[in-house]
>>> print(open('structure_27.cif').read())   # mmCIF, C-alpha atoms
data_structure
loop_
_atom_site.label_atom_id
_atom_site.label_comp_id
_atom_site.auth_asym_id
_atom_site.auth_seq_id
_atom_site.Cartn_x
_atom_site.Cartn_y
_atom_site.Cartn_z
CA MET R 1 3.31 -108.12 25.37
CA LYS R 2 5.48 -105.06 24.66
CA SER R 3 2.50 -103.05 23.44
CA ALA R 4 0.60 -103.89 26.65
CA ILE R 5 3.54 -102.78 28.81
CA ASP R 6 3.92 -99.62 26.69
CA SER R 7 0.23 -98.83 27.04
CA LEU R 8 0.26 -99.43 30.79
CA LEU R 9 3.31 -97.22 31.24
CA ARG R 10 1.73 -94.51 29.08
CA TRP R 11 -1.38 -94.46 31.26
CA VAL R 12 0.66 -94.46 34.47
CA ILE R 13 2.73 -91.54 33.15
CA ILE R 14 -0.44 -89.66 32.13
CA ALA R 15 -2.00 -90.24 35.55
CA ILE R 16 1.12 -89.15 37.43
CA PHE R 17 1.48 -86.07 35.23
CA THR R 18 -2.19 -85.13 35.75
CA VAL R 19 -1.89 -85.36 39.53
CA LEU R 20 1.44 -83.50 39.39
CA VAL R 21 -0.11 -80.61 37.44
CA ALA R 22 -3.06 -80.50 39.87
CA CYS R 23 -0.69 -80.43 42.86
CA VAL R 24 1.47 -77.66 41.43
CA THR R 25 -1.61 -75.63 40.42
CA TRP R 26 -3.05 -75.97 43.93
CA GLN R 27 0.34 -75.07 45.41
CA VAL R 28 0.46 -71.84 43.39
CA LEU R 29 -3.15 -70.95 44.19
CA SER R 30 -2.81 -71.68 47.89
CA ARG R 31 0.43 -69.72 48.14
CA TYR R 32 -0.44 -66.62 46.11
CA VAL R 33 -4.24 -66.42 46.36
CA LEU R 34 -4.99 -67.89 49.77
CA GLY R 35 -1.70 -66.86 51.36
CA THR R 36 -1.13 -70.23 53.03
CA PRO R 37 1.05 -72.63 51.05
CA SER R 38 0.14 -76.29 51.16
CA THR R 39 2.97 -78.42 52.46
CA LEU R 40 1.25 -81.62 51.34
CA THR R 41 1.03 -80.73 47.65
CA ASP R 42 4.64 -79.54 47.66
CA GLU R 43 5.83 -82.92 48.89
CA ILE R 44 3.45 -84.89 46.66
CA ALA R 45 4.64 -82.96 43.59
CA ARG R 46 8.30 -83.55 44.44
CA PHE R 47 7.84 -87.30 44.84
CA LEU R 48 5.58 -87.65 41.80
CA PHE R 49 8.18 -85.84 39.72
CA MET R 50 10.74 -88.47 40.75
CA TRP R 51 8.42 -91.30 39.70
CA LEU R 52 7.50 -89.48 36.48
CA ALA R 53 11.14 -88.95 35.50
CA LEU R 54 12.18 -92.56 36.16
CA ILE R 55 9.13 -94.23 34.58
CA GLY R 56 9.20 -91.75 31.69
CA GLY R 57 12.87 -92.53 31.10
CA ALA R 58 12.16 -96.26 31.07
CA TYR R 59 9.23 -95.77 28.67
CA THR R 60 11.34 -93.58 26.40
CA PHE R 61 14.06 -96.23 26.34
CA GLY R 62 11.45 -98.81 25.38
CA ALA R 63 10.27 -96.60 22.52
CA ARG R 64 13.94 -96.17 21.49
CA ARG R 65 13.44 -92.42 21.57
CA HIS R 66 15.97 -91.68 24.29
CA LEU R 67 18.90 -89.35 23.85
CA ALA R 68 21.78 -91.20 22.24
CA ILE R 69 25.13 -90.19 20.85
CA ASP R 70 25.33 -92.35 17.76
CA LEU R 71 28.33 -90.82 16.05
CA LEU R 72 30.20 -94.13 15.99
CA THR R 73 27.27 -96.48 15.46
CA SER R 74 25.84 -94.47 12.56
CA THR R 75 29.02 -95.20 10.57
CA LEU R 76 28.74 -98.95 11.11
CA SER R 77 26.72 -101.45 9.13
CA GLY R 78 25.93 -105.14 9.09
CA ARG R 79 27.41 -107.37 11.76
CA ARG R 80 29.48 -104.56 13.25
CA LYS R 81 26.38 -102.47 13.83
CA LEU R 82 24.62 -105.46 15.44
CA ALA R 83 27.66 -106.13 17.64
CA SER R 84 27.77 -102.47 18.65
CA GLU R 85 24.05 -102.52 19.48
CA ALA R 86 24.49 -105.72 21.52
CA ALA R 87 27.39 -104.17 23.47
CA ILE R 88 25.38 -101.04 24.20
CA LEU R 89 22.41 -103.12 25.34
CA LEU R 90 24.67 -105.15 27.64
CA VAL R 91 26.03 -101.96 29.23
CA VAL R 92 22.51 -100.55 29.72
CA ALA R 93 21.21 -103.88 31.05
CA SER R 94 24.15 -104.14 33.45
CA PHE R 95 23.49 -100.64 34.77
CA ALA R 96 19.76 -101.35 35.13
CA ALA R 97 20.40 -104.65 36.91
CA VAL R 98 23.23 -103.64 39.22
CA VAL R 99 22.60 -99.99 40.00
CA MET R 100 18.87 -99.61 39.57
CA ILE R 101 17.46 -102.99 40.56
CA TRP R 102 20.03 -104.36 43.02
CA GLY R 103 21.13 -100.99 44.41
CA GLY R 104 17.61 -99.58 44.32
CA TYR R 105 16.19 -102.62 46.08
CA SER R 106 18.92 -102.35 48.69
CA LEU R 107 18.07 -98.69 49.23
CA VAL R 108 14.35 -99.42 49.45
CA SER R 109 14.79 -102.28 51.92
CA ARG R 110 17.20 -100.31 54.14
CA THR R 111 14.88 -97.31 54.12
CA LEU R 112 11.84 -99.43 54.95
CA ALA R 113 13.77 -101.11 57.78
CA SER R 114 14.93 -97.77 59.20
CA GLY R 115 11.38 -96.44 59.35
CA GLN R 116 12.25 -93.16 57.64
CA VAL R 117 9.08 -91.30 56.71
CA THR R 118 8.35 -88.17 54.71
CA PRO R 119 7.92 -84.99 56.78
CA ALA R 120 4.43 -83.95 55.65
CA LEU R 121 2.75 -87.10 54.31
CA ARG R 122 4.27 -89.45 56.91
CA ILE R 123 4.66 -92.28 54.38
CA SER R 124 7.74 -94.45 54.21
CA MET R 125 10.53 -93.11 52.02
CA GLY R 126 10.98 -96.68 50.80
CA TRP R 127 7.85 -96.25 48.70
CA ILE R 128 9.30 -93.11 47.16
CA TYR R 129 12.62 -94.83 46.37
CA GLY R 130 10.68 -97.77 44.90
CA ALA R 131 10.65 -95.91 41.59
CA ILE R 132 14.33 -96.77 41.11
CA PRO R 133 14.10 -100.59 41.03
CA PHE R 134 10.75 -100.40 39.23
CA ALA R 135 12.21 -98.33 36.39
CA GLY R 136 15.29 -100.56 36.35
CA ALA R 137 13.12 -103.65 35.91
CA VAL R 138 11.25 -102.02 33.01
CA ILE R 139 14.53 -101.01 31.35
CA LEU R 140 15.89 -104.53 31.83
CA TYR R 141 12.72 -105.95 30.24
CA TYR R 142 13.16 -103.69 27.20
CA CYS R 143 16.87 -104.63 27.00
CA ALA R 144 15.91 -108.31 26.86
CA LEU R 145 13.42 -107.64 24.05
CA PHE R 146 15.91 -105.58 22.06
CA PHE R 147 18.70 -108.09 22.64
CA ALA R 148 16.45 -110.86 21.28
CA GLU R 149 15.97 -108.79 18.11
CA VAL R 150 19.72 -108.20 17.78
CA ALA R 151 20.45 -111.89 18.39
CA SER R 152 18.10 -112.77 15.55
CA GLY R 153 20.00 -110.41 13.24
CA ARG R 154 17.59 -107.47 13.28
CA MET R 155 18.15 -103.97 14.60
CA PRO R 156 15.52 -102.86 17.15
CA VAL R 157 13.09 -100.49 15.45
CA VAL R 158 12.82 -96.88 16.56
CA GLU R 159 9.18 -95.92 16.99
CA SER R 160 8.17 -92.94 14.91
CA ASP R 161 5.55 -90.41 15.94
CA SER R 162 3.05 -92.13 13.67
CA ASP R 163 3.61 -95.44 15.53
CA LEU R 164 2.55 -93.93 18.84
CA PRO R 165 -1.20 -94.13 19.47
CA ILE R 166 -3.15 -90.95 20.15
CA GLU R 167 -5.03 -91.47 23.37
#
>>> encode(input="structure_27.cif", output="structure tokens")
Amino acid sequence: MKSAIDSLLRWVIIAIFTVLVACVTWQVLSRYVLGTPSTLTDEIARFLFMWLALIGGAYTFGARRHLAIDLLTSTLSGRRKLASEAAILLVVASFAAVVMIWGGYSLVSRTLASGQVTPALRISMGWIYGAIPFAGAVILYYCALFFAEVASGRMPVVESDSDLPIE
């Protein structure tokens, strides 16, 4: 199941990045070659960048390739290292659940109820903010998987570059 989620997220990230590059390229061409900047691509690029950053962060966490300060945990071994990993996972899961999912859902629902729309695209800002609870749910899913590994006495494995498929 994890590999299917990873693959889906990879393809979503690739698609978002492709559209983002196309939008920014068109923005530059329309501004400097045509002399009339496109307001639509500016807004699309800004919102896609938000989704890309949040989904990319969740994917990176799932691959265990996120930035981490492991000065303390690298000195631990055995049960202490597992306990440290479990504590870290609980903190991350708490943040994902409370701030990203609960808080993000609250933000999305309030924004949808208020009717706030984007200036150029005229779509609800709730859809833009939807990236927050979505990424939080993905992070929480990965936390549950990693916590199950820790509970069984194994450290979650960090994916190496050779583990990542070339697509």
>>> closest_residue(input="structure_27.cif", among="R:Met50, R:Ala93, R:Gly126, R:Phe17", to="R:Ser106", atoms="all atoms listed in the file")
R:Gly126
>>> atom_distance(input="structure_27.cif", atom1="atom CA of R:Ala4", atom2="atom CA of R:Ile101")
21.9 Å
>>> resolve_selection(input="structure_27.cif", expression="the PyMOL selection byres ((chain R and resi 127) around 12)", output="NGL selection string")
:R and (47-48 or 50-51 or 104-105 or 107-113 or 115-118 or 121-126 or 128-134)
>>> resolve_selection(input="structure_27.cif", expression="the PyMOL selection byres ((chain R and resi 62) around 10)", output="PyMOL selection string")
chain R and resi 2+5-6+56-61+63-66+138-143+145-146+158-159
>>> residues_around(input="structure_27.cif", residues="R:Ala151", least_positions_apart="4", cutoff="10 Å", atoms="all atoms listed in the file", output="JSON, numbers by chain")
{"R": [82, 83, 86, 145, 146, 147, 155]}
>>> atom_distance(input="structure_27.cif", atom1="atom CA of R:Val19", atom2="atom CA of R:Thr41")
9.8 Å
>>> residues_around(input="structure_27.cif", residues="R:Val12", least_positions_apart="4", cutoff="9 Å", atoms="all atoms listed in the file", output="list in words")
Ser7, Leu8, Ile16, Phe17, Leu52 and Ile55 of chain R
>>> resolve_selection(input="structure_27.cif", expression="the PyMOL selection byres ((chain R and resi 42) around 12)", output="list in words")
Val19, Leu20, Val21, Ala22, Cys23, Val24, Thr25, Trp26, Gln27, Val28, Ser30, Arg31, Pro37, Ser38, Thr39, Leu40, Thr41, Glu43, Ile44, Ala45, Arg46, Phe47, Leu48, Phe49, Thr118, Pro119, Ala120 and Leu121 of chain R
>>> write_last_selection(input="structure_27.cif", atoms="C-alpha atoms", output="PDB file, keeping the file's coordinate frame")
ATOM      1  CA  VAL R  19      -1.890 -85.360  39.530  1.00  0.00           C
ATOM      2  CA  LEU R  20       1.440 -83.500  39.390  1.00  0.00           C
ATOM      3  CA  VAL R  21      -0.110 -80.610  37.440  1.00  0.00           C
ATOM      4  CA  ALA R  22      -3.060 -80.500  39.870  1.00  0.00           C
ATOM      5  CA  CYS R  23      -0.690 -80.430  42.860  1.00  0.00           C
ATOM      6  CA  VAL R  24       1.470 -77.660  41.430  1.00  0.00           C
ATOM      7  CA  THR R  25      -1.610 -75.630  40.420  1.00  0.00           C
ATOM      8  CA  TRP R  26      -3.050 -75.970  43.930  1.00  0.00           C
ATOM      9  CA  GLN R  27       0.340 -75.070  45.410  1.00  0.00           C
ATOM     10  CA  VAL R  28       0.460 -71.840  43.390  1.00  0.00           C
ATOM     11  CA  SER R  30      -2.810 -71.680  47.890  1.00  0.00           C
ATOM     12  CA  ARG R  31       0.430 -69.720  48.140  1.00  0.00           C
ATOM     13  CA  PRO R  37       1.050 -72.630  51.050  1.00  0.00           C
ATOM     14  CA  SER R  38       0.140 -76.290  51.160  1.00  0.00           C
ATOM     15  CA  THR R  39       2.970 -78.420  52.460  1.00  0.00           C
ATOM     16  CA  LEU R  40       1.250 -81.620  51.340  1.00  0.00           C
ATOM     17  CA  THR R  41       1.030 -80.730  47.650  1.00  0.00           C
ATOM     18  CA  GLU R  43       5.830 -82.920  48.890  1.00  0.00           C
ATOM     19  CA  ILE R  44       3.450 -84.890  46.660  1.00  0.00           C
ATOM     20  CA  ALA R  45       4.640 -82.960  43.590  1.00  0.00           C
ATOM     21  CA  ARG R  46       8.300 -83.550  44.440  1.00  0.00           C
ATOM     22  CA  PHE R  47       7.840 -87.300  44.840  1.00  0.00           C
ATOM     23  CA  LEU R  48       5.580 -87.650  41.800  1.00  0.00           C
ATOM     24  CA  PHE R  49       8.180 -85.840  39.720  1.00  0.00           C
ATOM     25  CA  THR R 118       8.350 -88.170  54.710  1.00  0.00           C
ATOM     26  CA  PRO R 119       7.920 -84.990  56.780  1.00  0.00           C
ATOM     27  CA  ALA R 120       4.430 -83.950  55.650  1.00  0.00           C
ATOM     28  CA  LEU R 121       2.750 -87.100  54.310  1.00  0.00           C
TER      29      LEU R 121
END
>>> atom_distance(input="structure_27.cif", atom1="atom CA of R:Val150", atom2="atom CA of R:Leu89")
9.5 Å
>>> closest_residue(input="structure_27.cif", among="R:Ala97, R:Ile14, R:Glu85, R:Thr36", to="R:Arg154", atoms="all atoms listed in the file")
R:Glu85
>>> build_atoms(input="structure_27.cif", residues="stretch 13-33 of chain R", atoms="N, CA, C and O atoms", output="mmCIF file, in the frame of the given file")
data_model
loop_
_atom_site.group_PDB
_atom_site.id
_atom_site.type_symbol
_atom_site.label_atom_id
_atom_site.label_comp_id
_atom_site.auth_asym_id
_atom_site.auth_seq_id
_atom_site.Cartn_x
_atom_site.Cartn_y
_atom_site.Cartn_z
ATOM 1 N N ILE R 13 2.061 -92.828 33.325
ATOM 2 C CA ILE R 13 2.730 -91.540 33.150
ATOM 3 C C ILE R 13 1.689 -90.420 33.028
ATOM 4 O O ILE R 13 1.842 -89.354 33.648
ATOM 5 N N ILE R 14 0.624 -90.654 32.273
ATOM 6 C CA ILE R 14 -0.440 -89.660 32.130
ATOM 7 C C ILE R 14 -1.089 -89.374 33.476
ATOM 8 O O ILE R 14 -1.335 -88.210 33.839
ATOM 9 N N ALA R 15 -1.368 -90.425 34.237
ATOM 10 C CA ALA R 15 -2.000 -90.240 35.550
ATOM 11 C C ALA R 15 -1.090 -89.469 36.500
ATOM 12 O O ALA R 15 -1.536 -88.539 37.186
ATOM 13 N N ILE R 16 0.174 -89.855 36.547
ATOM 14 C CA ILE R 16 1.120 -89.150 37.430
ATOM 15 C C ILE R 16 1.235 -87.686 37.014
ATOM 16 O O ILE R 16 1.209 -86.784 37.855
ATOM 17 N N PHE R 17 1.341 -87.441 35.712
ATOM 18 C CA PHE R 17 1.480 -86.070 35.230
ATOM 19 C C PHE R 17 0.237 -85.244 35.557
ATOM 20 O O PHE R 17 0.343 -84.075 35.945
ATOM 21 N N THR R 18 -0.943 -85.835 35.433
ATOM 22 C CA THR R 18 -2.190 -85.130 35.750
ATOM 23 C C THR R 18 -2.232 -84.734 37.220
ATOM 24 O O THR R 18 -2.551 -83.587 37.555
ATOM 25 N N VAL R 19 -1.901 -85.665 38.093
ATOM 26 C CA VAL R 19 -1.890 -85.360 39.530
ATOM 27 C C VAL R 19 -0.797 -84.337 39.842
ATOM 28 O O VAL R 19 -1.003 -83.432 40.660
ATOM 29 N N LEU R 20 0.343 -84.454 39.185
ATOM 30 C CA LEU R 20 1.440 -83.500 39.390
ATOM 31 C C LEU R 20 1.008 -82.091 39.009
ATOM 32 O O LEU R 20 1.254 -81.135 39.756
ATOM 33 N N VAL R 21 0.359 -81.934 37.873
ATOM 34 C CA VAL R 21 -0.110 -80.610 37.440
ATOM 35 C C VAL R 21 -1.148 -80.074 38.433
ATOM 36 O O VAL R 21 -1.119 -78.888 38.801
ATOM 37 N N ALA R 22 -2.057 -80.933 38.892
ATOM 38 C CA ALA R 22 -3.060 -80.500 39.870
ATOM 39 C C ALA R 22 -2.401 -80.052 41.170
ATOM 40 O O ALA R 22 -2.780 -79.018 41.746
ATOM 41 N N CYS R 23 -1.394 -80.787 41.626
ATOM 42 C CA CYS R 23 -0.690 -80.430 42.860
ATOM 43 C C CYS R 23 0.029 -79.086 42.733
ATOM 44 O O CYS R 23 -0.045 -78.244 43.628
ATOM 45 N N VAL R 24 0.718 -78.903 41.634
ATOM 46 C CA VAL R 24 1.470 -77.660 41.430
ATOM 47 C C VAL R 24 0.503 -76.482 41.281
ATOM 48 O O VAL R 24 0.743 -75.394 41.826
ATOM 49 N N THR R 25 -0.608 -76.693 40.566
ATOM 50 C CA THR R 25 -1.610 -75.630 40.420
ATOM 51 C C THR R 25 -2.183 -75.247 41.783
ATOM 52 O O THR R 25 -2.297 -74.056 42.103
ATOM 53 N N TRP R 26 -2.524 -76.251 42.586
ATOM 54 C CA TRP R 26 -3.050 -75.970 43.930
ATOM 55 C C TRP R 26 -1.991 -75.272 44.789
ATOM 56 O O TRP R 26 -2.304 -74.366 45.552
ATOM 57 N N GLN R 27 -0.747 -75.691 44.654
ATOM 58 C CA GLN R 27 0.340 -75.070 45.410
ATOM 59 C C GLN R 27 0.446 -73.586 45.086
ATOM 60 O O GLN R 27 0.578 -72.751 45.979
ATOM 61 N N VAL R 28 0.381 -73.245 43.805
ATOM 62 C CA VAL R 28 0.460 -71.840 43.390
ATOM 63 C C VAL R 28 -0.742 -71.064 43.892
ATOM 64 O O VAL R 28 -0.603 -69.958 44.437
ATOM 65 N N LEU R 29 -1.948 -71.629 43.734
ATOM 66 C CA LEU R 29 -3.150 -70.950 44.190
ATOM 67 C C LEU R 29 -3.155 -70.750 45.706
ATOM 68 O O LEU R 29 -3.483 -69.672 46.200
ATOM 69 N N SER R 30 -2.793 -71.793 46.421
ATOM 70 C CA SER R 30 -2.810 -71.680 47.890
ATOM 71 C C SER R 30 -1.754 -70.706 48.385
ATOM 72 O O SER R 30 -1.975 -70.002 49.370
ATOM 73 N N ARG R 31 -0.643 -70.630 47.703
ATOM 74 C CA ARG R 31 0.430 -69.720 48.140
ATOM 75 C C ARG R 31 0.114 -68.273 47.813
ATOM 76 O O ARG R 31 0.251 -67.391 48.650
ATOM 77 N N TYR R 32 -0.291 -68.007 46.562
ATOM 78 C CA TYR R 32 -0.440 -66.620 46.110
ATOM 79 C C TYR R 32 -1.848 -66.065 46.237
ATOM 80 O O TYR R 32 -2.020 -64.862 46.337
ATOM 81 N N VAL R 33 -2.872 -66.913 46.232
ATOM 82 C CA VAL R 33 -4.240 -66.420 46.360
ATOM 83 C C VAL R 33 -4.719 -66.521 47.794
ATOM 84 O O VAL R 33 -5.245 -65.554 48.355
#
